[in-house]
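As provided, start-v7.cif (mmCIF, C-alpha atoms) reads as follows.
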data_model
#
loop_
_atom_site.label_atom_id
_atom_site.label_comp_id
_atom_site.auth_asym_id
_atom_site.auth_seq_id
_atom_site.Cartn_x
_atom_site.Cartn_y
_atom_site.Cartn_z
CA MET Y 1 -167.09 -67.28 91.84
CA THR Y 2 -169.66 -68.91 94.13
CA GLU Y 3 -166.91 -70.80 95.97
CA PHE Y 4 -164.88 -67.59 96.37
CA LEU Y 5 -167.82 -65.71 97.85
CA SER Y 6 -168.65 -68.65 100.13
CA ASN Y 7 -165.05 -68.82 101.38
CA LEU Y 8 -164.95 -65.05 101.87
CA ALA Y 9 -168.17 -65.05 103.87
CA ALA Y 10 -166.98 -67.96 106.02
CA PHE Y 11 -163.64 -66.20 106.60
CA VAL Y 12 -165.34 -62.98 107.70
CA VAL Y 13 -167.60 -64.85 110.12
CA LEU Y 14 -164.74 -66.93 111.55
CA ILE Y 15 -162.38 -63.97 112.03
CA SER Y 16 -165.15 -61.79 113.47
CA ILE Y 17 -166.01 -64.43 116.09
CA LEU Y 18 -162.40 -64.85 117.20
CA VAL Y 19 -161.67 -61.12 117.17
CA ALA Y 20 -164.81 -60.45 119.20
CA VAL Y 21 -163.69 -63.02 121.78
CA HIS Y 22 -160.17 -61.57 121.95
CA GLU Y 23 -161.23 -57.95 122.19
CA TYR Y 24 -163.97 -58.75 124.70
CA GLY Y 25 -161.25 -60.08 126.98
CA HIS Y 26 -159.46 -56.71 126.87
CA TYR Y 27 -162.76 -54.85 127.23
CA ILE Y 28 -164.25 -56.68 130.20
CA VAL Y 29 -161.03 -56.88 132.23
CA GLY Y 30 -160.41 -53.20 131.49
CA ARG Y 31 -163.81 -52.38 132.94
CA TRP Y 32 -163.22 -54.67 135.94
CA THR Y 33 -159.98 -52.83 136.69
CA GLY Y 34 -161.59 -49.38 136.54
CA MET Y 35 -160.61 -48.20 133.05
CA LYS Y 36 -162.84 -46.13 130.82
CA VAL Y 37 -163.57 -47.74 127.46
CA LEU Y 38 -164.10 -45.27 124.63
CA ARG Y 39 -164.62 -47.72 121.76
CA PHE Y 40 -165.05 -51.45 121.14
CA SER Y 41 -164.67 -52.16 117.41
CA ILE Y 42 -164.87 -55.35 115.37
CA GLY Y 43 -162.91 -54.50 112.23
CA PHE Y 44 -160.79 -51.49 111.32
CA GLY Y 45 -161.46 -48.33 109.37
CA LYS Y 46 -164.69 -46.39 109.14
CA PRO Y 47 -167.50 -47.66 111.41
CA VAL Y 48 -170.41 -49.15 109.44
CA LEU Y 49 -172.69 -49.79 112.43
CA THR Y 50 -172.38 -47.94 115.73
CA HIS Y 51 -174.21 -48.19 119.04
CA ILE Y 52 -173.45 -45.91 121.99
CA GLY Y 53 -174.25 -47.40 125.36
CA GLY Y 54 -173.38 -47.60 129.04
CA LYS Y 55 -172.74 -44.84 131.57
CA ASP Y 56 -169.41 -44.04 129.85
CA GLY Y 57 -170.98 -43.63 126.42
CA THR Y 58 -168.83 -46.40 124.92
CA GLU Y 59 -169.01 -46.74 121.13
CA TYR Y 60 -169.68 -50.31 120.01
CA CYS Y 61 -168.79 -50.54 116.31
CA ILE Y 62 -168.65 -52.88 113.37
CA SER Y 63 -166.11 -51.33 111.01
CA ALA Y 64 -165.49 -51.63 107.30
CA ILE Y 65 -162.33 -53.79 107.20
CA PRO Y 66 -163.06 -57.18 108.83
CA LEU Y 67 -159.44 -58.15 109.50
CA GLY Y 68 -159.16 -57.49 113.22
CA GLY Y 69 -160.51 -55.20 115.88
CA TYR Y 70 -159.55 -53.10 118.85
CA VAL Y 71 -160.58 -51.68 122.20
CA LYS Y 72 -159.75 -48.01 122.74
CA PHE Y 73 -159.23 -47.00 126.37
CA LEU Y 74 -159.04 -43.47 127.73
CA ASP Y 75 -155.31 -42.54 127.72
CA SER Y 76 -153.72 -39.29 128.93
CA ARG Y 77 -150.98 -39.67 126.29
CA GLU Y 78 -153.58 -39.22 123.56
CA SER Y 79 -156.06 -36.71 124.98
CA ASP Y 80 -156.84 -34.47 127.96
CA ILE Y 81 -158.59 -36.13 130.90
CA ALA Y 82 -161.80 -34.66 132.27
CA PRO Y 83 -161.77 -34.11 136.08
CA GLU Y 84 -164.40 -36.83 136.63
CA ASP Y 85 -162.23 -39.34 134.70
CA VAL Y 86 -158.96 -38.77 136.55
CA GLY Y 87 -157.50 -42.15 137.46
CA ARG Y 88 -159.56 -44.05 134.88
CA ALA Y 89 -157.12 -43.71 131.96
CA PHE Y 90 -155.16 -46.79 130.90
CA ASP Y 91 -151.81 -45.20 131.75
CA HIS Y 92 -153.12 -44.00 135.14
CA ARG Y 93 -154.04 -47.46 136.36
CA PRO Y 94 -151.51 -49.64 138.27
CA ILE Y 95 -149.10 -51.66 136.13
CA PRO Y 96 -150.55 -55.04 137.26
CA ALA Y 97 -153.99 -53.86 136.05
CA ARG Y 98 -152.56 -52.88 132.65
CA ILE Y 99 -150.79 -56.21 132.29
CA ALA Y 100 -154.01 -58.04 133.25
CA VAL Y 101 -155.87 -56.17 130.49
CA LEU Y 102 -153.19 -57.00 127.92
CA LEU Y 103 -153.14 -60.68 128.93
CA ALA Y 104 -156.92 -60.92 128.86
CA GLY Y 105 -157.23 -60.93 125.05
CA PRO Y 106 -155.03 -64.02 124.49
CA ALA Y 107 -156.45 -65.62 127.66
CA PHE Y 108 -159.98 -65.37 126.28
CA ASN Y 109 -158.79 -67.04 123.06
CA PHE Y 110 -157.55 -69.99 125.09
CA ILE Y 111 -160.77 -70.05 127.15
CA PHE Y 112 -162.77 -70.04 123.90
CA ALA Y 113 -160.74 -73.03 122.65
CA ILE Y 114 -161.46 -74.93 125.88
CA ALA Y 115 -165.18 -74.18 125.50
CA ALA Y 116 -165.12 -75.30 121.85
CA TYR Y 117 -163.37 -78.57 122.65
CA TRP Y 118 -165.72 -79.14 125.59
CA LEU Y 119 -168.65 -78.83 123.18
CA LEU Y 120 -167.05 -81.41 120.88
CA PHE Y 121 -166.21 -83.83 123.69
CA ALA Y 122 -169.41 -83.47 125.75
CA GLY Y 123 -171.44 -86.01 123.79
CA GLY Y 124 -168.58 -88.45 123.41
CA VAL Y 125 -166.30 -88.69 120.40
CA LEU Y 126 -165.47 -91.42 117.89
CA VAL Y 127 -161.68 -91.64 117.71
CA SER Y 128 -159.72 -93.20 114.86
CA GLN Y 129 -156.87 -95.28 116.27
CA PRO Y 130 -153.55 -94.36 114.61
CA ALA Y 131 -152.68 -97.19 112.23
CA VAL Y 132 -150.70 -97.76 109.06
CA GLY Y 133 -152.47 -97.87 105.71
CA ASP Y 134 -150.78 -98.60 102.38
CA VAL Y 135 -146.97 -98.52 102.51
CA VAL Y 136 -145.00 -97.25 99.51
CA GLN Y 137 -142.28 -99.52 98.17
CA ASP Y 138 -138.67 -98.45 98.84
CA SER Y 139 -139.81 -95.69 101.24
CA HIS Y 140 -138.63 -94.71 104.72
CA ALA Y 141 -141.67 -96.53 106.13
CA GLU Y 142 -141.01 -99.78 104.24
CA ARG Y 143 -137.34 -99.77 105.24
CA ALA Y 144 -138.47 -99.40 108.86
CA GLY Y 145 -140.70 -102.44 108.48
CA LEU Y 146 -144.13 -100.80 108.68
CA VAL Y 147 -146.93 -103.07 107.46
CA PHE Y 148 -150.53 -102.33 106.47
CA GLY Y 149 -152.78 -102.54 109.55
CA ASP Y 150 -150.03 -101.96 112.14
CA LYS Y 151 -151.34 -99.84 115.02
CA ILE Y 152 -149.05 -97.07 116.23
CA ILE Y 153 -149.31 -97.36 119.99
CA ALA Y 154 -146.34 -95.11 120.89
CA VAL Y 155 -144.00 -92.61 119.26
CA GLY Y 156 -140.82 -92.23 121.31
CA ASP Y 157 -141.94 -92.13 124.94
CA SER Y 158 -145.40 -90.79 124.08
CA ARG Y 159 -148.33 -93.22 124.11
CA THR Y 160 -150.69 -92.45 121.22
CA GLY Y 161 -154.44 -92.94 121.25
CA GLU Y 162 -155.52 -90.84 118.29
CA TRP Y 163 -154.06 -89.37 115.13
CA GLU Y 164 -153.63 -85.77 116.28
CA GLU Y 165 -151.37 -86.62 119.20
CA THR Y 166 -149.57 -89.15 117.00
CA LEU Y 167 -148.78 -86.45 114.42
CA VAL Y 168 -147.56 -84.09 117.15
CA ALA Y 169 -145.27 -86.83 118.50
CA ILE Y 170 -143.99 -87.77 115.01
CA LEU Y 171 -143.12 -84.16 114.19
CA GLY Y 172 -141.55 -83.63 117.61
CA GLU Y 173 -139.27 -86.66 117.24
CA MET Y 174 -138.47 -86.02 113.58
CA VAL Y 175 -137.30 -82.41 113.90
CA ASP Y 176 -134.83 -83.36 116.65
CA ASP Y 177 -132.56 -85.73 114.74
CA GLY Y 178 -134.54 -87.04 111.76
CA LYS Y 179 -135.39 -90.28 113.58
CA ILE Y 180 -138.89 -91.41 114.63
CA PRO Y 181 -138.90 -94.30 117.13
CA MET Y 182 -142.21 -96.16 117.11
CA THR Y 183 -143.90 -98.97 118.98
CA LEU Y 184 -146.25 -100.91 116.70
CA GLN Y 185 -148.88 -103.57 117.32
CA THR Y 186 -149.65 -106.13 114.65
CA ALA Y 187 -153.12 -107.41 113.79
CA ALA Y 188 -152.29 -110.45 115.95
CA GLY Y 189 -151.62 -108.23 118.96
CA GLU Y 190 -147.82 -108.59 119.00
CA GLU Y 191 -145.73 -105.50 119.77
CA ARG Y 192 -142.47 -104.53 118.10
CA HIS Y 193 -140.21 -101.48 118.02
CA THR Y 194 -138.80 -99.74 114.96
CA VAL Y 195 -137.26 -96.42 113.91
CA ILE Y 196 -138.13 -94.44 110.78
CA ASP Y 197 -134.97 -92.55 109.79
CA VAL Y 198 -135.58 -89.66 107.37
CA GLY Y 199 -132.13 -88.14 107.84
CA SER Y 200 -131.56 -84.74 106.23
CA ASP Y 201 -135.05 -84.88 104.67
CA LYS Y 202 -136.60 -83.87 108.00
CA THR Y 203 -137.19 -80.16 107.25
CA ARG Y 204 -138.82 -80.82 103.86
CA LEU Y 205 -141.24 -83.25 105.48
CA THR Y 206 -142.52 -80.48 107.78
CA GLU Y 207 -143.92 -78.62 104.75
CA PRO Y 208 -147.73 -78.75 104.51
CA GLY Y 209 -148.94 -81.98 102.91
CA GLN Y 210 -145.47 -83.56 102.69
CA LEU Y 211 -145.28 -85.68 105.85
CA PHE Y 212 -146.98 -88.92 104.81
CA ASP Y 213 -145.78 -88.73 101.21
CA GLY Y 214 -142.24 -88.33 102.51
CA LEU Y 215 -142.50 -91.06 105.14
CA GLY Y 216 -144.01 -93.42 102.61
CA PHE Y 217 -147.30 -94.51 104.15
CA VAL Y 218 -150.84 -93.26 104.51
CA PRO Y 219 -153.04 -93.40 107.62
CA TRP Y 220 -155.28 -96.46 107.77
CA GLN Y 221 -158.81 -95.78 106.58
CA PRO Y 222 -161.89 -98.00 106.40
CA PRO Y 223 -161.78 -100.26 103.32
CA ALA Y 224 -164.45 -99.68 100.68
CA ILE Y 225 -166.74 -102.44 102.00
CA ILE Y 226 -170.42 -101.79 101.34
CA GLY Y 227 -172.31 -101.51 104.62
CA ASN Y 228 -175.52 -99.89 103.42
CA LEU Y 229 -177.20 -100.05 100.03
CA PRO Y 230 -180.17 -97.71 99.35
CA ASP Y 231 -182.79 -99.32 97.12
CA ASP Y 232 -182.82 -96.35 94.73
CA GLY Y 233 -179.05 -96.24 94.19
CA ALA Y 234 -177.04 -97.22 91.11
CA ALA Y 235 -175.11 -99.88 93.03
CA HIS Y 236 -178.27 -101.71 94.18
CA ALA Y 237 -179.79 -101.60 90.72
CA ALA Y 238 -176.63 -103.10 89.18
CA GLY Y 239 -176.50 -106.00 91.64
CA LEU Y 240 -173.85 -105.01 94.18
CA ALA Y 241 -174.52 -106.36 97.70
CA ILE Y 242 -173.76 -105.52 101.32
CA GLY Y 243 -170.35 -106.94 102.21
CA ASP Y 244 -168.85 -106.47 98.72
CA ARG Y 245 -165.44 -104.77 98.77
CA ILE Y 246 -164.98 -102.37 95.87
CA ALA Y 247 -161.45 -102.86 94.48
CA ALA Y 248 -161.37 -100.58 91.42
CA ILE Y 249 -163.47 -98.35 89.18
CA ASP Y 250 -162.50 -98.01 85.51
CA GLY Y 251 -159.14 -99.51 86.40
CA GLU Y 252 -158.40 -97.03 89.20
CA LYS Y 253 -157.49 -98.92 92.37
CA ILE Y 254 -159.74 -98.24 95.40
CA ASN Y 255 -158.32 -98.76 98.89
CA ASN Y 256 -160.86 -96.91 101.02
CA PHE Y 257 -164.04 -94.87 100.96
CA ASN Y 258 -162.24 -91.56 100.48
CA GLU Y 259 -160.61 -92.87 97.31
CA LEU Y 260 -163.96 -94.27 96.18
CA ARG Y 261 -165.56 -90.86 96.59
CA ALA Y 262 -162.69 -89.15 94.77
CA VAL Y 263 -163.08 -91.47 91.76
CA VAL Y 264 -166.89 -91.43 91.60
CA GLU Y 265 -167.69 -87.74 92.12
CA PRO Y 266 -166.11 -86.46 88.85
CA ARG Y 267 -168.21 -88.96 86.82
CA PRO Y 268 -171.90 -88.01 87.22
CA GLY Y 269 -174.14 -90.03 84.91
CA LYS Y 270 -171.19 -91.91 83.36
CA GLU Y 271 -171.03 -95.65 82.71
CA VAL Y 272 -168.17 -97.24 84.65
CA THR Y 273 -166.71 -100.69 85.25
CA VAL Y 274 -166.73 -101.66 88.93
CA GLU Y 275 -164.34 -104.37 90.10
CA PHE Y 276 -165.27 -105.87 93.47
CA VAL Y 277 -164.59 -108.84 95.74
CA ARG Y 278 -167.44 -111.03 97.04
CA ASP Y 279 -166.77 -114.05 99.26
CA GLY Y 280 -163.10 -113.94 98.29
CA VAL Y 281 -163.85 -114.02 94.55
CA SER Y 282 -163.01 -111.07 92.27
CA ARG Y 283 -165.83 -109.95 89.98
CA SER Y 284 -166.79 -106.96 87.83
CA LEU Y 285 -169.86 -105.32 86.38
CA ASN Y 286 -170.82 -102.21 84.45
CA LEU Y 287 -173.24 -99.59 85.78
CA VAL Y 288 -174.31 -96.00 85.18
CA LEU Y 289 -173.52 -93.74 88.12
CA GLY Y 290 -176.23 -91.62 89.65
CA GLU Y 291 -175.75 -87.94 90.40
CA HIS Y 292 -176.57 -85.33 93.01
CA GLU Y 293 -176.08 -81.59 93.20
CA VAL Y 294 -173.87 -79.80 95.74
CA ASP Y 295 -173.60 -75.99 95.58
CA GLY Y 296 -174.78 -76.00 91.99
CA GLU Y 297 -172.26 -78.67 90.90
CA LYS Y 298 -173.29 -82.14 89.72
CA LEU Y 299 -171.36 -84.96 91.40
CA GLY Y 300 -171.31 -88.69 90.70
CA LEU Y 301 -173.07 -91.00 93.16
CA LEU Y 302 -172.63 -94.77 93.45
CA GLY Y 303 -175.25 -95.25 96.16
CA VAL Y 304 -173.28 -97.08 98.86
CA ALA Y 305 -172.37 -96.28 102.45
CA LEU Y 306 -169.55 -97.23 104.81
CA SER Y 307 -169.52 -100.59 106.50
CA GLU Y 308 -169.36 -100.61 110.28
CA ALA Y 309 -167.05 -103.62 110.09
CA THR Y 310 -163.92 -101.63 110.87
CA GLY Y 311 -162.57 -103.85 113.65
CA ASP Y 312 -161.20 -102.03 116.66
CA TYR Y 313 -159.60 -99.22 114.67
CA TYR Y 314 -162.36 -96.90 115.90
CA VAL Y 315 -163.04 -96.32 119.59
CA ARG Y 316 -165.85 -94.24 121.07
CA ARG Y 317 -164.75 -92.24 124.09
CA ALA Y 318 -167.49 -91.20 126.49
CA TYR Y 319 -167.00 -88.33 128.92
CA THR Y 320 -168.96 -86.89 131.82
CA PRO Y 321 -169.35 -83.10 131.63
CA LEU Y 322 -166.46 -82.67 134.09
CA GLN Y 323 -164.27 -85.14 132.23
CA SER Y 324 -165.08 -83.28 128.99
CA LEU Y 325 -163.85 -80.06 130.56
CA GLY Y 326 -160.62 -81.70 131.70
CA ALA Y 327 -160.05 -83.27 128.28
CA ALA Y 328 -160.75 -79.92 126.59
CA ALA Y 329 -158.26 -78.13 128.84
CA ASP Y 330 -155.63 -80.82 128.18
CA LYS Y 331 -156.14 -80.59 124.43
CA THR Y 332 -155.92 -76.78 124.49
CA TRP Y 333 -152.72 -76.96 126.53
CA SER Y 334 -151.08 -79.58 124.28
CA SER Y 335 -152.07 -77.65 121.13
CA THR Y 336 -150.68 -74.43 122.62
CA VAL Y 337 -147.37 -76.09 123.53
CA PHE Y 338 -147.14 -77.64 120.06
CA THR Y 339 -147.81 -74.26 118.39
CA VAL Y 340 -145.08 -72.59 120.44
CA GLN Y 341 -142.64 -75.42 119.71
CA MET Y 342 -143.30 -75.23 115.97
CA LEU Y 343 -142.83 -71.45 115.95
CA GLY Y 344 -139.51 -71.91 117.72
CA ARG Y 345 -138.50 -74.61 115.25
CA MET Y 346 -139.33 -72.28 112.35
CA VAL Y 347 -136.96 -69.68 113.79
CA THR Y 348 -134.15 -72.25 114.05
CA GLY Y 349 -134.91 -73.63 110.57
CA ASP Y 350 -135.92 -77.12 111.74
CA VAL Y 351 -139.51 -76.62 110.54
CA SER Y 352 -140.45 -75.16 107.17
CA ILE Y 353 -141.79 -71.58 107.17
CA LYS Y 354 -144.30 -72.78 104.57
CA ASN Y 355 -146.48 -73.69 107.56
CA ILE Y 356 -147.24 -69.99 108.09
CA SER Y 357 -150.72 -69.36 106.69
CA GLY Y 358 -152.35 -66.09 105.70
CA PRO Y 359 -155.92 -64.95 105.12
CA ILE Y 360 -156.26 -66.71 101.76
CA ASN Y 361 -155.53 -70.15 103.19
CA ILE Y 362 -157.62 -69.42 106.29
CA ALA Y 363 -160.51 -68.48 103.99
CA ARG Y 364 -160.17 -71.82 102.17
CA ILE Y 365 -160.21 -73.68 105.49
CA ALA Y 366 -163.18 -71.65 106.69
CA GLY Y 367 -165.07 -72.44 103.48
CA ALA Y 368 -164.31 -76.15 103.86
CA SER Y 369 -165.63 -76.03 107.43
CA VAL Y 370 -169.02 -74.93 106.14
CA ASP Y 371 -169.21 -77.97 103.85
CA ARG Y 372 -168.05 -80.46 106.49
CA GLY Y 373 -170.51 -79.55 109.21
CA TRP Y 374 -170.56 -77.83 112.57
CA ARG Y 375 -168.16 -80.17 114.38
CA TYR Y 376 -165.40 -79.52 111.88
CA ALA Y 377 -166.11 -75.78 111.98
CA VAL Y 378 -165.92 -75.69 115.80
CA GLY Y 379 -162.64 -77.62 115.71
CA ILE Y 380 -161.16 -75.14 113.22
CA LEU Y 381 -162.30 -72.22 115.38
CA ALA Y 382 -160.53 -73.77 118.38
CA ILE Y 383 -157.27 -74.30 116.48
CA ILE Y 384 -157.18 -70.78 115.03
CA SER Y 385 -158.18 -69.27 118.38
CA ILE Y 386 -155.16 -70.97 119.99
CA SER Y 387 -152.90 -69.69 117.20
CA LEU Y 388 -154.28 -66.17 117.66
CA GLY Y 389 -153.64 -66.34 121.41
CA VAL Y 390 -150.06 -67.53 120.94
CA LEU Y 391 -149.33 -64.97 118.20
CA ASN Y 392 -150.54 -62.09 120.34
CA LEU Y 393 -148.25 -63.12 123.20
CA LEU Y 394 -145.12 -62.80 121.06
CA PRO Y 395 -142.87 -59.98 122.37
CA ILE Y 396 -143.48 -57.79 119.33
CA PRO Y 397 -144.27 -54.15 120.32
CA VAL Y 398 -147.45 -53.80 118.26
CA LEU Y 399 -148.89 -56.99 119.80
CA ASP Y 400 -150.12 -57.65 123.34
CA GLY Y 401 -146.89 -59.44 124.24
CA GLY Y 402 -144.79 -56.44 123.26
CA GLN Y 403 -147.00 -54.08 125.24
CA ILE Y 404 -146.62 -56.35 128.28
CA VAL Y 405 -142.83 -56.03 127.89
CA TYR Y 406 -143.22 -52.23 127.94
CA GLN Y 407 -145.16 -52.46 131.19
CA LEU Y 408 -142.55 -54.73 132.78
CA VAL Y 409 -139.75 -52.34 131.77
CA GLU Y 410 -141.68 -49.45 133.33
CA ALA Y 411 -142.11 -51.47 136.53
CA LEU Y 412 -138.36 -52.12 136.69
CA LYS Y 413 -137.34 -48.55 135.81
CA GLY Y 414 -139.95 -46.85 137.91
CA ALA Y 415 -140.84 -44.70 134.86
CA PRO Y 416 -142.28 -45.27 131.36
CA MET Y 417 -139.93 -45.99 128.48
CA THR Y 418 -138.83 -42.91 126.56
CA GLU Y 419 -140.94 -41.89 123.60
CA ARG Y 420 -137.98 -42.51 121.26
CA ALA Y 421 -137.51 -46.05 122.58
CA GLN Y 422 -141.20 -46.77 122.11
CA ILE Y 423 -141.15 -45.43 118.55
CA ILE Y 424 -138.12 -47.58 117.68
CA GLY Y 425 -139.89 -50.57 119.20
CA GLN Y 426 -143.07 -49.88 117.23
CA GLN Y 427 -141.10 -49.59 113.99
CA ALA Y 428 -139.28 -52.87 114.67
CA GLY Y 429 -142.60 -54.52 115.52
CA ILE Y 430 -144.27 -53.31 112.33
CA LEU Y 431 -141.29 -54.57 110.30
CA ALA Y 432 -141.53 -57.99 112.00
CA LEU Y 433 -145.26 -58.20 111.27
CA LEU Y 434 -144.75 -57.16 107.64
CA LEU Y 435 -142.17 -59.92 107.21
CA LEU Y 436 -144.54 -62.42 108.83
CA MET Y 437 -147.39 -61.30 106.59
CA SER Y 438 -145.16 -61.49 103.52
CA PHE Y 439 -144.30 -65.12 104.30
CA ALA Y 440 -147.99 -65.87 104.90
CA PHE Y 441 -149.18 -64.32 101.61
CA TYR Y 442 -146.34 -65.98 99.69
CA ASN Y 443 -147.31 -69.38 101.11
CA ASP Y 444 -150.99 -68.73 100.35
CA ILE Y 445 -150.31 -67.88 96.72
CA PHE Y 446 -147.32 -70.05 95.78
CA GLY Y 447 -147.33 -72.76 98.48
#

Rewrite the structure of this file - the entire thing - as structure tokens.
Amino acid sequence: MTEFLSNLAAFVVLISILVAVHEYGHYIVGRWTGMKVLRFSIGFGKPVLTHIGGKDGTEYCISAIPLGGYVKFLDSRESDIAPEDVGRAFDHRPIPARIAVLLAGPAFNFIFAIAAYWLLFAGGVLVSQPAVGDVVQDSHAERAGLVFGDKIIAVGDSRTGEWEETLVAILGEMVDDGKIPMTLQTAAGEERHTVIDVGSDKTRLTEPGQLFDGLGFVPWQPPAIIGNLPDDGAAHAAGLAIGDRIAAIDGEKINNFNELRAVVEPRPGKEVTVEFVRDGVSRSLNLVLGEHEVDGEKLGLLGVALSEATGDYYVRRAYTPLQSLGAAADKTWSSTVFTVQMLGRMVTGDVSIKNISGPINIARIAGASVDRGWRYAVGILAIISISLGVLNLLPIPVLDGGQIVYQLVEALKGAPMTERAQIIGQQAGILALLLLMSFAFYNDIFG
């Protein structure tokens, strides 16, 4: 119950921030172009908090249903216009001004993403070089000759410097013809070329969580070599030392620190057998795990920390403020292009529609962002903000993109679309959104 409430609270905060950014774009550009704003609401339904301000008496509201928001402009199609407000209604302003207002919401989402990435890049960032971890026997990866420790320096024609761009390139190559050409670099610095061929399995591998399992390898992660050993920890008391590599706990093989954490945390206060390697010699000992409390839950604690001896698999990239801005803009652009490409591939069936997420999954992600710290939370905000911007530009009548289409048709015709045509468009748009939401909820519940 505590986790549910935490996820719900994080979801509400996350959505409210992004909605406020989006709607502020509509609001401020509307004011700049001479439109009268009647209401600016975060959320739908009955207003819970209301403030009336400005010379136009605009209502600023927080409403009861925190799943969106809206800006209500004066519009002659909805109400009579007072003499002093003639020319300030949305439908009375020039078509370029209306289109600018409609574009402003998604544009502010992209600007927000740039600002978020700038914040993440400004102090420099530690980047994990894309490399191959454990390779599964008789898998696509093994047949292609991938070996533990190989660095992935290019996928197709795209040079890769970090995992995110590597994943984008892998998916892009795979959905075309099921083949992933790679350039690899061995631990000795030698380069070789190979192709992972997944054949007709390509669509299944685009489902969430299926890519690496399907390819047959995991990303390289730091081995479980002890780099720090607090004096009051269970490991120190039992005689483990800095430089020891933990190989197994209670018979469960340990390849990296993530696996170590996954094995230790469910065993608070339990006695376990630790197998480790010291100076090339395998040894073992028994110890009683410590424990610590996180959100009211007791978790096992070995009392060791990551070694910094990770070779050159990690690189710290330093940026000047201007370079950070350029890198943030590049990342926002590449993420936007990737989102559009994946949406298109879903329509053609090349990418699984299981990638469509709804509020339940977003709430889980938002809750996880609270646990993982502010950098992770800011990164999630940037990603969802980009998705929100792209979604709103789709040519669906109830979204900004559909309303822009209406304005363009009016510009070409020299007159607004007929009321019947607009109603048909609205109905088609609502149906499209209902279908989209149905897929999202289905994936959230059964995916």

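The space separating atom CA of His22 of chain Y from atom CA of Leu67 of chain Y comes to 12.9 Å.
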
Please return, as a PDB file with C-alpha atoms, in the coordinates of the input, all polymer residues that have at least one atom within 9 Å of the point (-166.4, -52.4, 106.6); use only C-alpha atoms and the file's own coordinate frame.
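As a result, point.pdb now contains:
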ATOM      1  CA  GLY Y  43    -162.910 -54.500 112.230  1.00  0.00           C
ATOM      2  CA  PHE Y  44    -160.790 -51.490 111.320  1.00  0.00           C
ATOM      3  CA  GLY Y  45    -161.460 -48.330 109.370  1.00  0.00           C
ATOM      4  CA  LYS Y  46    -164.690 -46.390 109.140  1.00  0.00           C
ATOM      5  CA  PRO Y  47    -167.500 -47.660 111.410  1.00  0.00           C
ATOM      6  CA  VAL Y  48    -170.410 -49.150 109.440  1.00  0.00           C
ATOM      7  CA  LEU Y  49    -172.690 -49.790 112.430  1.00  0.00           C
ATOM      8  CA  ILE Y  62    -168.650 -52.880 113.370  1.00  0.00           C
ATOM      9  CA  SER Y  63    -166.110 -51.330 111.010  1.00  0.00           C
ATOM     10  CA  ALA Y  64    -165.490 -51.630 107.300  1.00  0.00           C
ATOM     11  CA  ILE Y  65    -162.330 -53.790 107.200  1.00  0.00           C
ATOM     12  CA  PRO Y  66    -163.060 -57.180 108.830  1.00  0.00           C
TER      13      PRO Y  66
END

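The space between atom CA of Ala100 of chain Y and atom CA of Arg31 of chain Y spans 11.3 Å.
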
*Exactly which residues make up the result of the PyMOL selection byres ((chain Y and resi 69-86) around 6) on this file, given as JSON, numbers by chain?*
{"Y": [36, 37, 38, 39, 40, 41, 42, 43, 44, 68, 87, 88, 89, 90, 91]}

Can you translate the PyMOL selection byres ((chain Y and resi 231-243) around 8) into the concrete residues it hits in this file, as a tab-separated table (two decimals) with C-alpha atoms, keeping the file's coordinate frame?
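The file below, result.tsv, is the result:
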chain	number	residue	atom	x	y	z
Y	225	ILE	CA	-166.74	-102.44	102.00
Y	226	ILE	CA	-170.42	-101.79	101.34
Y	227	GLY	CA	-172.31	-101.51	104.62
Y	228	ASN	CA	-175.52	-99.89	103.42
Y	229	LEU	CA	-177.20	-100.05	100.03
Y	230	PRO	CA	-180.17	-97.71	99.35
Y	244	ASP	CA	-168.85	-106.47	98.72
Y	245	ARG	CA	-165.44	-104.77	98.77
Y	278	ARG	CA	-167.44	-111.03	97.04
Y	285	LEU	CA	-169.86	-105.32	86.38
Y	286	ASN	CA	-170.82	-102.21	84.45
Y	287	LEU	CA	-173.24	-99.59	85.78
Y	288	VAL	CA	-174.31	-96.00	85.18
Y	289	LEU	CA	-173.52	-93.74	88.12
Y	290	GLY	CA	-176.23	-91.62	89.65
Y	301	LEU	CA	-173.07	-91.00	93.16
Y	302	LEU	CA	-172.63	-94.77	93.45
Y	303	GLY	CA	-175.25	-95.25	96.16
Y	304	VAL	CA	-173.28	-97.08	98.86
Y	307	SER	CA	-169.52	-100.59	106.50

With 3 Å of padding per side, what axis-aligned box (centre and edge lengths, Å, one decimal) covers all the listed atoms of segment 190-205 of chain Y? Give it as lines of an AutoDock Vina configuration file.
center_x = -139.7
center_y = -94.4
center_z = 111.8
size_x = 22.3
size_y = 34.4
size_z = 21.9

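The interatomic distance for the pair atom CA of Ser335 of chain Y and atom CA of Ala432 of chain Y works out to 24.1 Å.
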
Against segment 403-423 of chain Y, which residues of segment 75-153 of chain Y fall within 7 Å? For each one I want the closest pair of atoms and the distance in Å (one decimal), counting all atoms listed in the file, rows by chain and increasing residue number, as a tab-separated table.
residue	atom	partner	partner_atom	distance
Y:Ile95	CA	Y:Gln407	CA	6.4
Y:Ile99	CA	Y:Ile404	CA	5.8
Y:Leu102	CA	Y:Ile404	CA	6.6

_Chain and number of each residue from the PyMOL selection byres ((chain Y and resi 148) around 9), as a ChimeraX atom specification_ = /Y:131-135,146-147,149-151,217,220

*For segment 113-129 of chain Y, list every protein, DNA or RNA residue within 8 Å, evaluated using all atoms listed in the file, and leave out those in the same chain fewer than 5 positions away; present the list as a ChimeraX atom specification.*
/Y:151,161-163,313-321,324-325,327-329,331-332,375,378-379,381-383,385-386
